[in-house]
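See below for the structure under consideration.
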Amino acid sequence: MTHLRSRRRRLLAPLGLALAVSAATLGAVPGAATAAPQKAAAEGDTLSYVVNTRTGHHTVEAVKKAIETSEGSSVVAAYERIGVIVAHSTDPRFAERIRGVRGVQTAGASRTAPFEAAGTTEVGAPEYVEAPKASARSAKGDAEPLEADQWDLRAIGADKAAKINPGSSKVTVGVIDTGVDDTHPDLAPNFSASQSASCVGGKADTSPGAWRPHNAEHYHGTHVAGEIAAARNGVGVAGVAPGVQVASIKVADPQTELFTPESVVCAFVFAGDKGIDVTNNSYYVDPWMYNCLDDPDQKAIVDAVNRAQRYAHRKGTLHVASAGNSNHDLASDEILDDSSPNDSTPVERTIDPSECLDIPTQLPGVVTVSATGPTEAKSYYSTYGKGIVDVAGPGGDGNVPADTPSKNGRILSTMPDGEYGYLQGTSMAAPHVAAVAALIKSTHPKAGPTALQALLKLQADNPGCPSEPYDPDGDGTVDAVCEGAERVNGFYGFGIVDALDAVRR
């Protein structure tokens with residue numbers, strides 16, 4: 001499965017990171033872990049590249065011309081306002097040569113293998129449930145037919161919040177993911193086709209249906225969308241913010257489900273241009289779980305994605321991202337990465353998470369989310385880290401029974417083709433937070449992304465670090481250490497989001 005938030009971690013000192021990834025001045029970082037050897041493209045193989053330039057029409061046009069006159073090379077898309085060009089080339093030395101062109105600041109391959117092959121953040125295979133029969137619909141009064149098994153809604157007061165303010169139809173959450181099945185009866189009422197597209201390959205395609213998943217196996221984005229905005233229409237499940245709009249920006253490759261940098265760049269720019277208020281990012285950008293700034297290719301990826309997310313942020317978009325499912329301490333000095341690059345042959349490396357970044361999770365201004373289960377404890381898989389995690393949300397924990405008819409501790413939501421299923425992961429925690437941010441935006445329509453992030457932290461409820469050693473499997477080994485105080489700590493950041501407070505304050 002692609003990098004759908006099986007995810008990881010986040011930033012170190014905010015100032016240090018801001019300096020490290022400053023849009024136009026990303027420099028080599030001494031002491032970063034040695035990157036896995038870059039696989040050289042064979043002559044004739046087509047690779048994709050991101051080329052980052054100084055902004056300005058003349059500079060971008062000059063670099064585009066240099067690309068187009070280079071043998072075997074072409075421009076796929078150019079984002080002049082942020083100085084990012086997506087290019088294809090069969091020249092194995094393309095990146096090296098284009099870095100010497102006047103106006104180019106960073107450039108690098110966005111993958112390590114030719115066009116063939118991922119990064120989401122759910123844990124384990126889905127468990128499907130039978131959709132309610134039409135005769136059973138609306139028989140539960142105010143509750144949706146499957147809502148009794150949605151412990152996550154009650155955990156953050158979303159069921160009560162919906163009676164006060166279900167969210168404004170003027171607020172849109174963009175799901176940057178594998179695509180959303182907008183024909184699902186729980187999603188169709190709140191779907192915004194005018195703010196949806198496919199960004200696969202780095203160029204937006206807004207033709208009808210382009211935003212849908214390639215097939216039913218690419219269910220991740222549809223599940224995420226239901227957690228956010230499944231309508232209270234008496235059909236199946238309810239979303240945390242059932243009155244807001246949800247849009248789909250598909251970035252997963254149809255065959256590999258890889259979330260390539262050029263596709264994510266396109267998605268962030270599209271979100272900003274289309275007035276999307278919040279984006280949900282339950283993935284990491286392939287092919288590197290961590291992008292080391294002393295590697296020219298990985299540095300170019302960080303630079304390009306950061307420029308794009310900052311552009312959308314300036315346009316008024318708040319970005320929410322899952323922290324990861326590796327149970328990593330992102331505030332530690334080193335982490336073992338044995339999965340990168342995931343589009344060719346992974347090479348084991350030990351990285352410093354302050355210098356080798358998980359993106360978009362660790363980029364400045366992005367809200368990083370850890371996951372909790374039915375008892376509010378950190379989910380066994382959830383990545384964490386003091387000063388890195390901003391807030392937490394229900395992501396599910398299949399090892400902890402829920403107080404529901406099914407006893408299932410995972411998250412129930414929509415699946416393609418009108419189906420429903422359980423998943424767990426920080427992939428599921430992030431959309432709970434994105435939906436609460438949408439409720440806050442509905443309550444405070446003039447709040448920009450910085451204010452929304454501050455309000456998210458203000459309304460969160462922090463259970464504090466556990467009083468006993470964290471040993472969820474009971475084998476006598478401490479699996480994680482929570483550092484910090486009750487107000488802010490490594491497991492929950494500022495706390496678990498509270499939908500009811502989001503609409504009352």
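Ordering of the structure tokens sets the chain letters (A, B, ...); residue numbers start at 1 within each chain; ligands are numbered from 1 in the order shown.
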Env of Met289 (chain A): 7 Å cut, atoms = only C-alpha atoms, seq-sep filter 5 positions within chain, self excluded. Answer as a ChimeraX atom specification.
/A:284,340,358
Can you pull out every residue within 9 Å of region 127-131 of chain A, counting only C-alpha atoms, but drop anything in the same chain fewer than 3 positions away, and send it as number ranges by chain?
A: 146, 235-236, 412, 415, 418-423
Got a sec: who's within 10 Å of Ser382 (chain A), counting only C-alpha atoms, leaving out chain neighbours fewer than 2 positions off, as a count of residues only?
32
Considering only C-alpha atoms, give me a table of residues in region 207-321 of chain A that are at most 12 Å from region 92-104 of chain A, with the closest atom pair and distance in Å for each, as CSV.
residue,atom,partner,partner_atom,distance
A:Pro296,CA,A:Ala95,CA,9.0
A:Asp297,CA,A:Ala95,CA,8.1
A:Gln298,CA,A:Ala95,CA,11.8
A:Ala300,CA,A:Ala95,CA,10.1
So that I have them on file, write out the residues from the current selection with all heavy atoms, as a PDB file, in the first residue's frame.
ATOM      1  N   PRO A 296      21.240  16.392  -2.842  1.00  0.00           N
ATOM      2  CA  PRO A 296      20.659  17.403  -3.742  1.00  0.00           C
ATOM      3  C   PRO A 296      19.280  17.039  -4.270  1.00  0.00           C
ATOM      4  O   PRO A 296      18.437  17.923  -4.460  1.00  0.00           O
ATOM      5  CB  PRO A 296      21.698  17.506  -4.868  1.00  0.00           C
ATOM      6  CG  PRO A 296      22.516  16.263  -4.768  1.00  0.00           C
ATOM      7  CD  PRO A 296      22.523  15.883  -3.330  1.00  0.00           C
ATOM      8  N   ASP A 297      19.022  15.751  -4.535  1.00  0.00           N
ATOM      9  CA  ASP A 297      17.692  15.355  -5.014  1.00  0.00           C
ATOM     10  C   ASP A 297      16.644  15.515  -3.923  1.00  0.00           C
ATOM     11  O   ASP A 297      15.562  16.063  -4.153  1.00  0.00           O
ATOM     12  CB  ASP A 297      17.715  13.904  -5.500  1.00  0.00           C
ATOM     13  CG  ASP A 297      18.511  13.727  -6.778  1.00  0.00           C
ATOM     14  OD1 ASP A 297      18.126  14.324  -7.792  1.00  0.00           O
ATOM     15  OD2 ASP A 297      19.518  13.004  -6.754  1.00  0.00           O
ATOM     16  N   GLN A 298      16.961  15.034  -2.721  1.00  0.00           N
ATOM     17  CA  GLN A 298      15.995  15.110  -1.622  1.00  0.00           C
ATOM     18  C   GLN A 298      15.778  16.554  -1.179  1.00  0.00           C
ATOM     19  O   GLN A 298      14.661  16.946  -0.818  1.00  0.00           O
ATOM     20  CB  GLN A 298      16.471  14.236  -0.463  1.00  0.00           C
ATOM     21  CG  GLN A 298      16.473  12.761  -0.824  1.00  0.00           C
ATOM     22  CD  GLN A 298      17.210  11.894   0.175  1.00  0.00           C
ATOM     23  OE1 GLN A 298      17.005  12.024   1.379  1.00  0.00           O
ATOM     24  NE2 GLN A 298      18.073  11.023  -0.317  1.00  0.00           N
ATOM     25  N   ALA A 300      15.851  19.122  -3.133  1.00  0.00           N
ATOM     26  CA  ALA A 300      14.974  19.734  -4.143  1.00  0.00           C
ATOM     27  C   ALA A 300      13.520  19.351  -3.910  1.00  0.00           C
ATOM     28  O   ALA A 300      12.601  20.163  -4.111  1.00  0.00           O
ATOM     29  CB  ALA A 300      15.419  19.307  -5.542  1.00  0.00           C
TER      30      ALA A 300
END
What is the distance, in Å and to one decimal place, between CA of Tyr492 (chain A) and CA of Leu258 (chain A)?
28.9 Å
DSSP-assigned alpha helix (DSSP H) members of region 46-85 of chain A, reported as a count of residues only
12
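Between Asp149 (chain A) and the candidates A:Ala238, A:Asp498, A:Tyr470, A:Val436, the tightest atom-to-atom separation, counting only C-alpha atoms, involves A:Ala238.
Remark: for Ser282 (chain A), the closest of the candidate residues A:Glu334, A:Glu355, A:Asp343, A:Asp177 is A:Asp177 (distances computed over only C-alpha atoms).
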Non-local contacts of Asp142 (chain A) (10 Å; only C-alpha atoms; under 6 positions in same chain excluded) as a PDB file with all heavy atoms, in the first residue's frame:
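What follows is the written file out_26.pdb:
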ATOM      1  N   ASP A 159     -20.923  14.185  17.943  1.00  0.00           N
ATOM      2  CA  ASP A 159     -22.360  13.935  17.864  1.00  0.00           C
ATOM      3  C   ASP A 159     -23.149  15.083  18.475  1.00  0.00           C
ATOM      4  O   ASP A 159     -24.187  15.495  17.954  1.00  0.00           O
ATOM      5  CB  ASP A 159     -22.707  12.617  18.553  1.00  0.00           C
ATOM      6  CG  ASP A 159     -22.200  12.536  19.985  1.00  0.00           C
ATOM      7  OD1 ASP A 159     -21.195  13.209  20.328  1.00  0.00           O
ATOM      8  OD2 ASP A 159     -22.796  11.790  20.791  1.00  0.00           O
ATOM      9  N   LYS A 163     -25.472  18.987  16.570  1.00  0.00           N
ATOM     10  CA  LYS A 163     -26.769  19.563  16.912  1.00  0.00           C
ATOM     11  C   LYS A 163     -26.685  21.072  17.108  1.00  0.00           C
ATOM     12  O   LYS A 163     -27.704  21.766  17.063  1.00  0.00           O
ATOM     13  CB  LYS A 163     -27.304  18.893  18.174  1.00  0.00           C
ATOM     14  CG  LYS A 163     -27.568  17.399  18.006  1.00  0.00           C
ATOM     15  CD  LYS A 163     -28.015  16.751  19.305  1.00  0.00           C
ATOM     16  CE  LYS A 163     -28.247  15.256  19.126  1.00  0.00           C
ATOM     17  NZ  LYS A 163     -28.664  14.594  20.390  1.00  0.00           N
ATOM     18  N   ARG A 232     -25.253  13.692   7.460  1.00  0.00           N
ATOM     19  CA  ARG A 232     -26.286  13.122   8.351  1.00  0.00           C
ATOM     20  C   ARG A 232     -27.587  13.073   7.555  1.00  0.00           C
ATOM     21  O   ARG A 232     -28.424  13.961   7.633  1.00  0.00           O
ATOM     22  CB  ARG A 232     -26.418  13.966   9.615  1.00  0.00           C
ATOM     23  CG  ARG A 232     -25.282  13.736  10.592  1.00  0.00           C
ATOM     24  CD  ARG A 232     -25.512  14.402  11.946  1.00  0.00           C
ATOM     25  NE  ARG A 232     -24.498  13.952  12.918  1.00  0.00           N
ATOM     26  CZ  ARG A 232     -24.585  12.867  13.667  1.00  0.00           C
ATOM     27  NH1 ARG A 232     -25.669  12.110  13.576  1.00  0.00           N
ATOM     28  NH2 ARG A 232     -23.632  12.537  14.503  1.00  0.00           N
ATOM     29  N   ASN A 233     -27.717  11.982   6.796  1.00  0.00           N
ATOM     30  CA  ASN A 233     -28.842  11.845   5.868  1.00  0.00           C
ATOM     31  C   ASN A 233     -29.611  10.547   6.057  1.00  0.00           C
ATOM     32  O   ASN A 233     -30.395  10.152   5.204  1.00  0.00           O
ATOM     33  CB  ASN A 233     -28.332  11.943   4.427  1.00  0.00           C
ATOM     34  CG  ASN A 233     -27.240  10.905   4.136  1.00  0.00           C
ATOM     35  OD1 ASN A 233     -26.852  10.139   5.022  1.00  0.00           O
ATOM     36  ND2 ASN A 233     -26.730  10.913   2.916  1.00  0.00           N
ATOM     37  N   GLY A 234     -29.357   9.862   7.184  1.00  0.00           N
ATOM     38  CA  GLY A 234     -30.078   8.634   7.458  1.00  0.00           C
ATOM     39  C   GLY A 234     -29.649   7.448   6.627  1.00  0.00           C
ATOM     40  O   GLY A 234     -30.382   6.465   6.528  1.00  0.00           O
TER      41      GLY A 234
END
